file start.cif (mmCIF, C-alpha atoms)
data_query
loop_
_atom_site.label_atom_id
_atom_site.label_comp_id
_atom_site.auth_asym_id
_atom_site.auth_seq_id
_atom_site.Cartn_x
_atom_site.Cartn_y
_atom_site.Cartn_z
CA MET A 1 6.55 79.28 -250.07
CA LYS A 2 7.82 79.75 -246.53
CA VAL A 3 9.87 76.70 -245.66
CA LEU A 4 11.30 75.73 -242.27
CA VAL A 5 14.13 73.20 -242.38
CA VAL A 6 14.96 71.45 -239.10
CA SER A 7 18.09 69.32 -239.23
CA ALA A 8 19.86 67.17 -236.66
CA HIS A 9 23.27 65.56 -237.03
CA PRO A 10 26.39 65.82 -234.85
CA SER A 11 28.71 66.14 -237.86
CA SER A 12 28.28 68.68 -240.65
CA THR A 13 30.63 66.73 -242.94
CA SER A 14 28.47 63.60 -242.74
CA PHE A 15 26.13 62.30 -245.39
CA VAL A 16 23.21 63.92 -243.58
CA GLY A 17 25.22 67.14 -243.59
CA SER A 18 25.44 67.04 -247.39
CA LEU A 19 21.79 66.13 -247.60
CA ARG A 20 20.93 69.21 -245.56
CA GLU A 21 23.12 71.46 -247.73
CA MET A 22 21.49 70.02 -250.83
CA ALA A 23 18.02 70.70 -249.43
CA LEU A 24 18.85 74.27 -248.41
CA ASN A 25 20.42 75.08 -251.80
CA GLN A 26 17.61 73.48 -253.71
CA LEU A 27 14.92 75.37 -251.80
CA GLN A 28 16.73 78.70 -252.13
CA GLN A 29 17.34 78.22 -255.84
CA LEU A 30 13.64 77.57 -256.33
CA GLY A 31 13.00 80.96 -254.78
CA HIS A 32 11.44 79.89 -251.49
CA GLU A 33 11.87 81.80 -248.30
CA VAL A 34 13.87 79.45 -246.10
CA ARG A 35 14.55 79.42 -242.38
CA HIS A 36 16.76 76.78 -240.85
CA HIS A 37 17.36 75.29 -237.41
CA ASP A 38 20.41 73.10 -237.07
CA LEU A 39 19.65 71.65 -233.64
CA TYR A 40 23.24 70.53 -232.99
CA GLN A 41 24.75 73.85 -234.06
CA GLU A 42 22.29 75.71 -231.86
CA SER A 43 22.97 73.34 -228.91
CA PHE A 44 19.27 72.74 -228.53
CA SER A 45 18.43 71.05 -225.22
CA PRO A 46 15.95 68.21 -225.81
CA VAL A 47 15.20 67.50 -222.16
CA PHE A 48 11.65 68.28 -221.05
CA THR A 49 12.00 70.25 -217.81
CA PRO A 50 9.91 69.89 -214.62
CA TYR A 51 8.51 73.39 -215.31
CA GLU A 52 7.20 72.25 -218.69
CA ARG A 53 5.63 69.16 -217.17
CA LEU A 54 3.95 71.07 -214.35
CA HIS A 55 2.69 73.77 -216.74
CA HIS A 56 1.85 71.30 -219.46
CA VAL A 57 -1.45 73.09 -220.10
CA GLY A 58 -1.44 76.81 -219.58
CA ASN A 59 -1.10 80.31 -220.90
CA ILE A 60 1.43 80.33 -223.72
CA ASP A 61 2.81 83.85 -223.18
CA GLU A 62 3.53 83.11 -219.57
CA LYS A 63 5.16 79.85 -220.51
CA LEU A 64 7.39 81.35 -223.18
CA GLU A 65 8.52 84.00 -220.71
CA HIS A 66 9.91 81.14 -218.63
CA LEU A 67 11.31 79.36 -221.66
CA PRO A 68 12.92 82.11 -223.77
CA GLU A 69 15.14 79.56 -225.54
CA LEU A 70 12.06 78.04 -227.19
CA VAL A 71 10.68 81.32 -228.60
CA PRO A 72 12.43 81.24 -232.01
CA TYR A 73 11.48 77.60 -232.50
CA VAL A 74 7.84 78.31 -231.74
CA HIS A 75 7.73 81.40 -233.98
CA ASN A 76 9.31 79.66 -236.94
CA LEU A 77 7.00 76.70 -236.63
CA GLN A 78 4.00 79.04 -236.64
CA TRP A 79 5.47 80.97 -239.57
CA CYS A 80 6.13 78.21 -242.11
CA ASP A 81 3.94 76.76 -244.88
CA ALA A 82 6.16 73.74 -245.26
CA LEU A 83 8.24 71.82 -242.74
CA VAL A 84 11.28 69.82 -243.87
CA LEU A 85 12.97 67.47 -241.40
CA VAL A 86 16.48 66.20 -242.16
CA TYR A 87 17.98 63.60 -239.81
CA PRO A 88 19.62 60.19 -239.52
CA THR A 89 17.39 57.35 -238.29
CA TRP A 90 18.79 55.88 -235.08
CA TRP A 91 17.10 52.90 -233.43
CA GLY A 92 14.28 53.26 -235.93
CA ALA A 93 13.42 56.86 -235.10
CA GLN A 94 14.53 60.49 -234.82
CA PRO A 95 17.71 61.26 -232.82
CA ALA A 96 17.00 62.37 -229.25
CA ILE A 97 17.74 66.02 -230.04
CA LEU A 98 14.99 66.05 -232.70
CA LYS A 99 12.54 64.04 -230.60
CA GLY A 100 13.14 66.63 -227.88
CA TRP A 101 12.35 69.44 -230.34
CA ILE A 102 8.99 67.72 -230.89
CA ASP A 103 8.44 67.08 -227.16
CA ARG A 104 9.19 70.69 -226.23
CA VAL A 105 8.06 72.87 -229.14
CA PHE A 106 4.77 71.14 -230.01
CA MET A 107 3.25 72.40 -226.80
CA ASN A 108 -0.24 73.30 -225.72
CA GLU A 109 -1.50 76.53 -227.36
CA VAL A 110 1.21 76.21 -230.04
CA ALA A 111 0.47 72.85 -231.65
CA TRP A 112 -2.89 72.01 -230.08
CA VAL A 113 -5.66 73.07 -227.71
CA LEU A 114 -8.27 71.13 -225.85
CA PRO A 115 -11.35 73.35 -225.95
CA GLU A 116 -13.38 73.23 -222.75
CA GLY A 117 -15.94 70.44 -222.70
CA GLU A 118 -14.54 68.76 -225.79
CA ALA A 119 -13.10 65.28 -225.85
CA ARG A 120 -10.62 65.80 -228.68
CA ILE A 121 -7.71 68.12 -229.07
CA ARG A 122 -7.80 70.61 -231.92
CA PRO A 123 -4.70 71.16 -234.08
CA LEU A 124 -3.30 74.70 -234.19
CA LEU A 125 -0.47 74.43 -236.71
CA THR A 126 -2.86 74.66 -239.63
CA ASN A 127 -0.34 76.94 -241.36
CA VAL A 128 1.69 73.81 -242.22
CA ARG A 129 0.43 72.42 -245.51
CA ARG A 130 3.39 70.32 -246.47
CA LEU A 131 5.62 68.00 -244.47
CA VAL A 132 8.75 66.49 -246.00
CA VAL A 133 10.99 64.02 -244.19
CA LEU A 134 14.50 63.40 -245.50
CA THR A 135 16.17 60.68 -243.51
CA THR A 136 18.93 58.09 -243.76
CA HIS A 137 19.03 54.49 -242.56
CA GLY A 138 22.15 52.36 -242.13
CA SER A 139 20.24 49.17 -242.79
CA GLY A 140 17.90 48.15 -245.57
CA LYS A 141 14.21 48.68 -246.10
CA PHE A 142 13.40 45.13 -244.95
CA LEU A 143 15.02 45.30 -241.51
CA ASN A 144 13.45 48.71 -241.01
CA SER A 145 9.97 47.44 -241.76
CA VAL A 146 10.50 44.55 -239.36
CA GLN A 147 11.51 47.07 -236.73
CA GLY A 148 8.37 49.03 -237.46
CA GLU A 149 9.75 52.36 -238.76
CA SER A 150 8.65 54.23 -235.66
CA GLY A 151 10.30 57.45 -236.86
CA LYS A 152 8.10 57.44 -239.94
CA ARG A 153 5.01 57.03 -237.80
CA ILE A 154 6.01 59.73 -235.35
CA ALA A 155 6.48 62.20 -238.22
CA LEU A 156 3.76 61.20 -240.66
CA ARG A 157 1.06 60.32 -238.14
CA SER A 158 1.63 61.78 -234.69
CA ILE A 159 2.90 65.27 -235.47
CA ARG A 160 1.09 65.39 -238.79
CA ALA A 161 -2.19 65.45 -236.87
CA MET A 162 -1.30 68.94 -235.59
CA PHE A 163 -1.01 70.41 -239.11
CA HIS A 164 -3.56 71.47 -241.71
CA SER A 165 -6.10 68.70 -242.23
CA ARG A 166 -5.07 68.37 -245.88
CA VAL A 167 -1.34 68.63 -245.32
CA ARG A 168 0.62 66.72 -247.94
CA THR A 169 3.30 64.45 -246.55
CA HIS A 170 6.34 63.13 -248.35
CA TRP A 171 8.77 60.52 -247.09
CA ILE A 172 12.21 60.57 -248.72
CA GLY A 173 13.91 57.64 -247.04
CA ILE A 174 17.46 56.68 -247.93
CA TYR A 175 18.37 53.11 -247.00
CA LYS A 176 21.43 50.83 -246.75
CA LEU A 177 23.90 53.60 -246.11
CA ASP A 178 26.21 51.30 -244.12
CA THR A 179 27.04 49.24 -247.17
CA SER A 180 26.90 51.78 -250.00
CA SER A 181 29.90 52.93 -252.00
CA PRO A 182 30.74 56.62 -252.55
CA ALA A 183 29.25 56.38 -256.04
CA GLN A 184 26.02 54.93 -254.69
CA ARG A 185 25.85 57.63 -252.05
CA GLU A 186 26.29 60.26 -254.72
CA ARG A 187 23.38 58.72 -256.60
CA LYS A 188 21.21 58.60 -253.49
CA ILE A 189 21.74 62.32 -252.92
CA LYS A 190 20.96 63.06 -256.57
CA ASN A 191 17.72 61.10 -256.38
CA ALA A 192 16.69 62.88 -253.20
CA SER A 193 17.54 66.21 -254.79
CA ARG A 194 15.42 65.40 -257.83
CA ARG A 195 12.44 64.49 -255.64
CA LEU A 196 12.79 67.63 -253.59
CA HIS A 197 12.95 69.71 -256.75
CA ARG A 198 9.74 68.14 -258.04
CA LEU A 199 7.98 68.75 -254.71
CA PHE A 200 8.87 72.39 -254.42
CA ASP A 201 8.98 73.48 -258.04
CA MET B 1 18.03 37.43 -211.83
CA ARG B 2 19.63 40.80 -212.29
CA ALA B 3 17.03 43.40 -213.14
CA VAL B 4 17.56 46.98 -214.28
CA VAL B 5 14.73 49.50 -214.19
CA VAL B 6 15.25 52.44 -216.55
CA TYR B 7 12.99 55.27 -215.50
CA CYS B 8 12.42 58.59 -217.27
CA HIS B 9 10.08 61.33 -216.04
CA PRO B 10 10.91 64.98 -215.34
CA VAL B 11 8.93 65.30 -212.10
CA GLU B 12 9.52 63.23 -208.97
CA GLY B 13 6.26 62.31 -207.25
CA SER B 14 4.41 61.90 -210.56
CA PHE B 15 2.19 58.91 -211.30
CA CYS B 16 5.04 57.46 -213.33
CA SER B 17 7.30 57.46 -210.28
CA SER B 18 4.70 55.39 -208.39
CA LEU B 19 4.75 52.93 -211.29
CA ARG B 20 8.52 52.73 -210.98
CA ASP B 21 8.14 51.95 -207.26
CA ALA B 22 5.49 49.31 -207.97
CA ALA B 23 7.80 47.69 -210.52
CA ILE B 24 10.70 47.64 -208.06
CA ARG B 25 8.49 46.16 -205.32
CA GLY B 26 7.27 43.44 -207.67
CA LEU B 27 10.80 42.54 -208.79
CA GLN B 28 12.02 42.44 -205.20
CA THR B 29 9.12 40.17 -204.17
CA ALA B 30 10.30 37.75 -206.82
CA GLY B 31 13.77 37.89 -205.30
CA HIS B 32 15.52 39.66 -208.17
CA ASP B 33 18.52 41.85 -207.67
CA VAL B 34 17.19 45.29 -208.74
CA SER B 35 19.12 48.38 -209.88
CA LEU B 36 17.48 51.65 -210.82
CA ILE B 37 18.55 54.09 -213.51
CA ASP B 38 16.75 57.40 -213.01
CA LEU B 39 17.59 59.59 -215.99
CA ALA B 40 16.12 62.83 -214.65
CA ALA B 41 17.83 62.44 -211.26
CA ASP B 42 21.12 61.67 -213.03
CA ASN B 43 20.65 64.77 -215.19
CA PHE B 44 21.44 62.57 -218.14
CA ASN B 45 22.40 64.39 -221.33
CA PRO B 46 20.72 62.52 -224.21
CA VAL B 47 22.59 64.23 -227.05
CA MET B 48 25.18 62.09 -228.81
CA SER B 49 28.26 64.25 -229.25
CA ARG B 50 30.39 64.67 -232.35
CA SER B 51 33.25 62.61 -230.90
CA GLU B 52 30.91 59.79 -229.89
CA TRP B 53 29.47 59.78 -233.38
CA ASP B 54 32.93 59.81 -234.98
CA LEU B 55 33.88 56.71 -232.99
CA TYR B 56 30.48 55.04 -233.25
CA SER B 57 31.46 52.14 -235.45
CA HIS B 58 35.15 52.31 -234.67
CA PRO B 59 36.57 49.08 -233.12
CA ASP B 60 38.00 50.80 -230.04
CA ASN B 61 34.91 52.81 -229.48
CA HIS B 62 35.55 54.89 -226.40
CA ILE B 63 32.64 54.93 -223.97
CA PRO B 64 32.25 58.32 -222.29
CA GLU B 65 32.36 58.59 -218.51
CA ASP B 66 28.74 59.61 -217.99
CA VAL B 67 27.63 56.48 -219.83
CA ASN B 68 30.12 53.95 -218.46
CA GLY B 69 28.17 53.14 -215.30
CA TYR B 70 25.04 52.36 -217.32
CA VAL B 71 26.99 50.12 -219.66
CA SER B 72 28.35 47.94 -216.85
CA LEU B 73 24.87 47.72 -215.29
CA ILE B 74 23.02 46.61 -218.41
CA ARG B 75 25.71 44.24 -219.68
CA ASP B 76 24.74 41.84 -216.88
CA ALA B 77 21.04 42.57 -216.97
CA GLU B 78 18.65 39.65 -217.43
CA ILE B 79 15.53 41.75 -217.00
CA LEU B 80 15.19 45.25 -218.44
CA VAL B 81 12.18 47.31 -217.36
CA PHE B 82 11.43 50.67 -218.99
CA VAL B 83 9.08 53.07 -217.19
CA TYR B 84 8.16 56.29 -219.03
CA PRO B 85 5.26 58.48 -220.14
CA THR B 86 4.43 58.22 -223.86
CA TRP B 87 4.81 61.56 -225.62
CA TRP B 88 4.02 62.01 -229.31
CA SER B 89 3.44 58.25 -229.51
CA ALA B 90 7.02 57.50 -228.42
CA VAL B 91 9.55 57.63 -225.59
CA PRO B 92 10.70 60.98 -224.18
CA ALA B 93 13.84 62.37 -225.85
CA GLN B 94 15.91 61.73 -222.74
CA LEU B 95 15.17 57.99 -222.89
CA LYS B 96 15.68 57.86 -226.66
CA GLY B 97 19.08 59.47 -226.20
CA TRP B 98 19.94 56.96 -223.50
CA MET B 99 19.38 54.17 -226.02
CA GLU B 100 21.52 55.94 -228.60
CA ARG B 101 24.43 56.65 -226.29
CA VAL B 102 24.46 53.47 -224.19
CA LEU B 103 23.53 50.75 -226.68
CA VAL B 104 26.43 51.46 -229.04
CA PRO B 105 28.16 48.77 -231.14
CA GLY B 106 29.92 46.37 -228.80
CA VAL B 107 27.36 46.97 -226.05
CA GLY B 108 23.86 46.89 -227.50
CA PHE B 109 24.70 44.95 -230.64
CA HIS B 110 27.53 43.73 -232.84
CA MET B 111 28.01 44.02 -236.55
CA THR B 112 29.65 41.10 -238.31
CA LYS B 113 32.06 41.56 -241.19
CA LYS B 114 29.20 40.87 -243.55
CA ASN B 115 27.27 43.65 -241.88
CA LYS B 116 24.79 41.39 -240.13
CA LEU B 117 23.25 42.45 -236.84
CA ARG B 118 24.17 40.25 -233.84
CA PRO B 119 22.90 40.57 -230.26
CA GLY B 120 24.89 42.52 -227.71
CA LEU B 121 22.99 42.05 -224.46
CA GLN B 122 23.70 38.33 -224.26
CA ARG B 123 22.09 37.70 -220.89
CA LEU B 124 18.84 39.48 -221.57
CA LYS B 125 15.71 37.34 -220.99
CA HIS B 126 12.85 39.77 -220.39
CA VAL B 127 12.04 43.24 -221.65
CA VAL B 128 9.12 44.93 -219.91
CA VAL B 129 7.60 48.22 -221.08
CA ILE B 130 5.52 50.15 -218.55
CA THR B 131 3.97 53.33 -219.90
CA THR B 132 0.99 55.68 -219.85
CA PHE B 133 -0.98 57.13 -222.76
CA GLY B 134 -3.26 60.14 -222.79
CA SER B 135 -5.27 58.61 -225.63
CA PRO B 136 -7.65 55.68 -225.61
CA ARG B 137 -6.62 52.23 -226.78
CA LEU B 138 -8.15 52.49 -230.26
CA TYR B 139 -6.33 55.73 -231.03
CA VAL B 140 -3.02 54.27 -229.87
CA ARG B 141 -3.61 51.23 -232.07
CA LEU B 142 -4.33 53.43 -235.07
CA MET B 143 -1.59 56.00 -234.57
CA ASN B 144 0.81 53.36 -233.33
CA ASP B 145 2.65 52.72 -230.21
CA ASN B 146 6.17 53.68 -231.15
CA GLY B 147 7.60 53.18 -227.66
CA SER B 148 6.80 49.48 -227.83
CA ARG B 149 8.15 49.38 -231.34
CA LEU B 150 11.44 50.76 -230.06
CA PHE B 151 11.86 48.20 -227.27
CA HIS B 152 9.96 45.22 -228.62
CA ARG B 153 11.07 45.45 -232.22
CA SER B 154 14.20 47.58 -232.70
CA LEU B 155 15.87 46.46 -229.48
CA ARG B 156 14.49 42.97 -230.08
CA SER B 157 16.31 42.68 -233.36
CA ALA B 158 19.52 43.30 -231.41
CA SER B 159 18.68 40.92 -228.52
CA PRO B 160 19.16 37.17 -228.02
CA ARG B 161 16.49 35.10 -229.70
CA LEU B 162 14.60 33.95 -226.63
CA VAL B 163 13.90 37.35 -225.10
CA ARG B 164 10.33 37.66 -223.88
CA ASN B 165 8.49 40.92 -224.26
CA ARG B 166 5.84 42.21 -221.94
CA ARG B 167 3.86 45.43 -222.16
CA LEU B 168 1.90 46.98 -219.27
CA VAL B 169 0.05 50.17 -220.16
CA HIS B 170 -2.56 52.57 -218.85
CA TYR B 171 -4.60 54.26 -221.60
CA LYS B 172 -6.68 57.44 -221.26
CA MET B 173 -4.62 59.00 -218.49
CA ASP B 174 -6.65 62.21 -218.84
CA LYS B 175 -9.73 60.35 -217.70
CA SER B 176 -8.03 58.11 -215.15
CA THR B 177 -9.57 57.65 -211.72
CA PRO B 178 -7.80 56.89 -208.43
CA GLU B 179 -9.20 53.36 -208.79
CA SER B 180 -7.87 52.81 -212.31
CA ARG B 181 -4.48 54.10 -211.20
CA ALA B 182 -4.35 51.86 -208.15
CA ALA B 183 -5.44 48.89 -210.21
CA PHE B 184 -2.67 49.57 -212.70
CA GLN B 185 -0.06 49.78 -209.94
CA ASN B 186 -1.28 46.47 -208.52
CA ARG B 187 -1.16 44.87 -211.92
CA ILE B 188 2.45 45.96 -212.40
CA GLU B 189 3.42 44.65 -208.99
CA THR B 190 1.77 41.24 -209.52
CA LYS B 191 3.03 40.79 -213.07
CA LEU B 192 6.60 41.65 -212.19
CA ALA B 193 6.49 39.43 -209.10
CA GLN B 194 5.70 36.56 -211.48
CA LEU B 195 8.80 37.06 -213.62
#
call {"tool": "encode", "arguments": {"input": "start.cif", "output": "structure tokens"}}
result
Amino acid sequence: MKVLVVSAHPSSTSFVGSLREMALNQLQQLGHEVRHHDLYQESFSPVFTPYERLHHVGNIDEKLEHLPELVPYVHNLQWCDALVLVYPTWWGAQPAILKGWIDRVFMNEVAWVLPEGEARIRPLLTNVRRLVVLTTHGSGKFLNSVQGESGKRIALRSIRAMFHSRVRTHWIGIYKLDTSSPAQRERKIKNASRRLHRLFD
Amino acid sequence: MRAVVVYCHPVEGSFCSSLRDAAIRGLQTAGHDVSLIDLAADNFNPVMSRSEWDLYSHPDNHIPEDVNGYVSLIRDAEILVFVYPTWWSAVPAQLKGWMERVLVPGVGFHMTKKNKLRPGLQRLKHVVVITTFGSPRLYVRLMNDNGSRLFHRSLRSASPRLVRNRRLVHYKMDKSTPESRAAFQNRIETKLAQL
């Protein structure tokens, strides 16, 4: 399987950093072809530019000529069979750098088109048949449900709609990180690793 | 009351900027003291850096220079108004990053020794969300309005108990008419003048 891993965390020695390493190792060991974007390492700029707003709908080749920095992100997204997102949940959702990756890369003629005369957009990323989200939360499951888990909805509903109509989605949420001991953290990583193994075996 | 309008849109002169102006007019009619935070004009960098993250929960959390001005503005704010376009069911990355970098522990919330969440913006009384959707109302209800969830739920859980939430939205922007747009602007102006 061709797997694209997109990760976002300012520190590579953090828990999310180990989670990302675990995911990459696991996928490679299972013999998948893996490509990886570490948005922080690559200094990805998440800010939607005036050019992108003004050419919101338009010819993709022309657009990418103006936005060369987005080309590898677009190509890898169109290449993969499975997308794996690894990030910490901040204020209930993806960090800005990852939200910006969605804002900028899921553009017209890459993620969707609106055929002339039709009322609904049509998804274009039908190559993506599996979406896995690996994310951490400082607080517990209860507070997160009260807050509405917007990150989960953005991933599993909003961007999911651009993928294959029968894409399988998997949410691997890790909770209560703020109060867990090193041993508990170790266990949380192990559990996540086991789930990932089952999904991609 | 002290009101802060946080506005995020890449293009000046867009419909969103007219909503920002309508909001400011309304607040001024009501006699509030209004400040504007324009993230695009400020060229705000929404990415939390490594050093900010390292110090995130540290007691003498150092607030970076490009964020300091925002912190002193919102600490006194009684009304917070957010004006933004909804993208992928949520706020633009630049606004999300503003939340992450400005509302750090000690500013946006406090953590007690028992790891309980306590409000940071003590003076806050009203949170108003003004946004536009491309999709119709039903679709937004089904797919979920994650911008409101961010301000009316996540921020709410870190706000004083009596904060009142208000949401002013325009659905189906793709099919909007000059009349629907003008009506929306008027609605914003009247509602905010009543605060």
call {"tool": "interface_residues", "arguments": {"input": "start.cif", "of": "chain A", "to": "chain B", "cutoff": "6 Å", "atoms": "all atoms listed in the file", "output": "PyMOL selection string"}}
result
chain A and resi 10-11+47+49-50+96-97+99-100+147+150+158
call {"tool": "write_last_selection", "arguments": {"input": "start.cif", "atoms": "C-alpha atoms", "output": "short mmCIF file (atom, residue, chain, number, x, y, z; two decimals), keeping the file's coordinate frame"}}
result
data_model
loop_
_atom_site.label_atom_id
_atom_site.label_comp_id
_atom_site.auth_asym_id
_atom_site.auth_seq_id
_atom_site.Cartn_x
_atom_site.Cartn_y
_atom_site.Cartn_z
CA PRO A 10 26.39 65.82 -234.85
CA SER A 11 28.71 66.14 -237.86
CA VAL A 47 15.20 67.50 -222.16
CA THR A 49 12.00 70.25 -217.81
CA PRO A 50 9.91 69.89 -214.62
CA ALA A 96 17.00 62.37 -229.25
CA ILE A 97 17.74 66.02 -230.04
CA LYS A 99 12.54 64.04 -230.60
CA GLY A 100 13.14 66.63 -227.88
CA GLN A 147 11.51 47.07 -236.73
CA SER A 150 8.65 54.23 -235.66
CA SER A 158 1.63 61.78 -234.69
#
call {"tool": "atom_distance", "arguments": {"input": "start.cif", "atom1": "atom CA of A:Leu134", "atom2": "atom CA of A:Tyr175"}}
result
11.1 Å
call {"tool": "closest_residue", "arguments": {"input": "start.cif", "among": "A:Ile189, A:Leu131, A:Ile172, A:Ile102", "to": "A:Ser18", "atoms": "only C-alpha atoms"}}
result
A:Ile189
call {"tool": "resolve_selection", "arguments": {"input": "start.cif", "expression": "the PyMOL selection byres ((chain A and resi 177-179) around 10)", "output": "ChimeraX atom specification"}}
result
/A:15,136-140,174-176,180-182,184-185,188 /B:114-115
call {"tool": "atom_distance", "arguments": {"input": "start.cif", "atom1": "atom CA of B:Asp76", "atom2": "atom CA of B:Ile130"}}
result
21.0 Å
call {"tool": "atom_distance", "arguments": {"input": "start.cif", "atom1": "atom CA of A:Val86", "atom2": "atom CA of A:Met162"}}
result
19.2 Å
call {"tool": "closest_residue", "arguments": {"input": "start.cif", "among": "A:Val34, A:Val110, A:Leu4, A:Val71", "to": "A:His56", "atoms": "only C-alpha atoms"}}
result
A:Val110
call {"tool": "resolve_selection", "arguments": {"input": "start.cif", "expression": "the PyMOL selection byres ((chain A and resi 109) around 10)", "output": "PyMOL selection string"}}
result
chain A and resi 57-61+106-108+110-114+122-125
call {"tool": "build_atoms", "arguments": {"input": "start.cif", "residues": "stretch 72-91 of chain B", "atoms": "N, CA and C atoms", "output": "mmCIF file, in the frame of the given file"}}
result
data_model
loop_
_atom_site.group_PDB
_atom_site.id
_atom_site.type_symbol
_atom_site.label_atom_id
_atom_site.label_comp_id
_atom_site.auth_asym_id
_atom_site.auth_seq_id
_atom_site.Cartn_x
_atom_site.Cartn_y
_atom_site.Cartn_z
ATOM 1 N N SER B 72 28.017 49.116 -217.663
ATOM 2 C CA SER B 72 28.350 47.940 -216.850
ATOM 3 C C SER B 72 27.091 47.372 -216.191
ATOM 4 N N LEU B 73 26.116 48.226 -215.882
ATOM 5 C CA LEU B 73 24.870 47.720 -215.290
ATOM 6 C C LEU B 73 24.089 46.850 -216.279
ATOM 7 N N ILE B 74 23.905 47.351 -217.499
ATOM 8 C CA ILE B 74 23.020 46.610 -218.410
ATOM 9 C C ILE B 74 23.695 45.432 -219.090
ATOM 10 N N ARG B 75 25.022 45.399 -219.092
ATOM 11 C CA ARG B 75 25.710 44.240 -219.680
ATOM 12 C C ARG B 75 25.316 42.951 -218.979
ATOM 13 N N ASP B 76 25.096 43.038 -217.660
ATOM 14 C CA ASP B 76 24.740 41.840 -216.880
ATOM 15 C C ASP B 76 23.243 41.659 -216.735
ATOM 16 N N ALA B 77 22.478 42.602 -217.258
ATOM 17 C CA ALA B 77 21.040 42.570 -216.970
ATOM 18 C C ALA B 77 20.350 41.385 -217.639
ATOM 19 N N GLU B 78 19.470 40.722 -216.863
ATOM 20 C CA GLU B 78 18.650 39.650 -217.430
ATOM 21 C C GLU B 78 17.218 40.159 -217.637
ATOM 22 N N ILE B 79 16.852 41.141 -216.832
ATOM 23 C CA ILE B 79 15.530 41.750 -217.000
ATOM 24 C C ILE B 79 15.728 43.257 -217.194
ATOM 25 N N LEU B 80 15.140 43.796 -218.240
ATOM 26 C CA LEU B 80 15.190 45.250 -218.440
ATOM 27 C C LEU B 80 13.752 45.773 -218.364
ATOM 28 N N VAL B 81 13.519 46.744 -217.489
ATOM 29 C CA VAL B 81 12.180 47.310 -217.360
ATOM 30 C C VAL B 81 12.267 48.802 -217.698
ATOM 31 N N PHE B 82 11.437 49.254 -218.625
ATOM 32 C CA PHE B 82 11.430 50.670 -218.990
ATOM 33 C C PHE B 82 10.142 51.307 -218.486
ATOM 34 N N VAL B 83 10.262 52.378 -217.719
ATOM 35 C CA VAL B 83 9.080 53.070 -217.190
ATOM 36 C C VAL B 83 9.137 54.516 -217.683
ATOM 37 N N TYR B 84 8.135 54.941 -218.459
ATOM 38 C CA TYR B 84 8.160 56.290 -219.030
ATOM 39 C C TYR B 84 6.748 56.718 -219.446
ATOM 40 N N PRO B 85 6.526 58.012 -219.571
ATOM 41 C CA PRO B 85 5.260 58.480 -220.140
ATOM 42 C C PRO B 85 5.396 58.494 -221.656
ATOM 43 N N THR B 86 4.348 58.176 -222.394
ATOM 44 C CA THR B 86 4.430 58.220 -223.860
ATOM 45 C C THR B 86 4.093 59.620 -224.344
ATOM 46 N N TRP B 87 5.020 60.219 -225.062
ATOM 47 C CA TRP B 87 4.810 61.560 -225.620
ATOM 48 C C TRP B 87 4.942 61.484 -227.126
ATOM 49 N N TRP B 88 4.011 62.033 -227.838
ATOM 50 C CA TRP B 88 4.020 62.010 -229.310
ATOM 51 C C TRP B 88 4.237 60.565 -229.781
ATOM 52 N N SER B 89 3.484 59.677 -229.173
ATOM 53 C CA SER B 89 3.440 58.250 -229.510
ATOM 54 C C SER B 89 4.762 57.515 -229.259
ATOM 55 N N ALA B 90 5.714 58.152 -228.594
ATOM 56 C CA ALA B 90 7.020 57.500 -228.420
ATOM 57 C C ALA B 90 7.638 57.821 -227.058
ATOM 58 N N VAL B 91 8.864 57.381 -226.862
ATOM 59 C CA VAL B 91 9.550 57.630 -225.590
ATOM 60 C C VAL B 91 10.013 59.077 -225.516
#
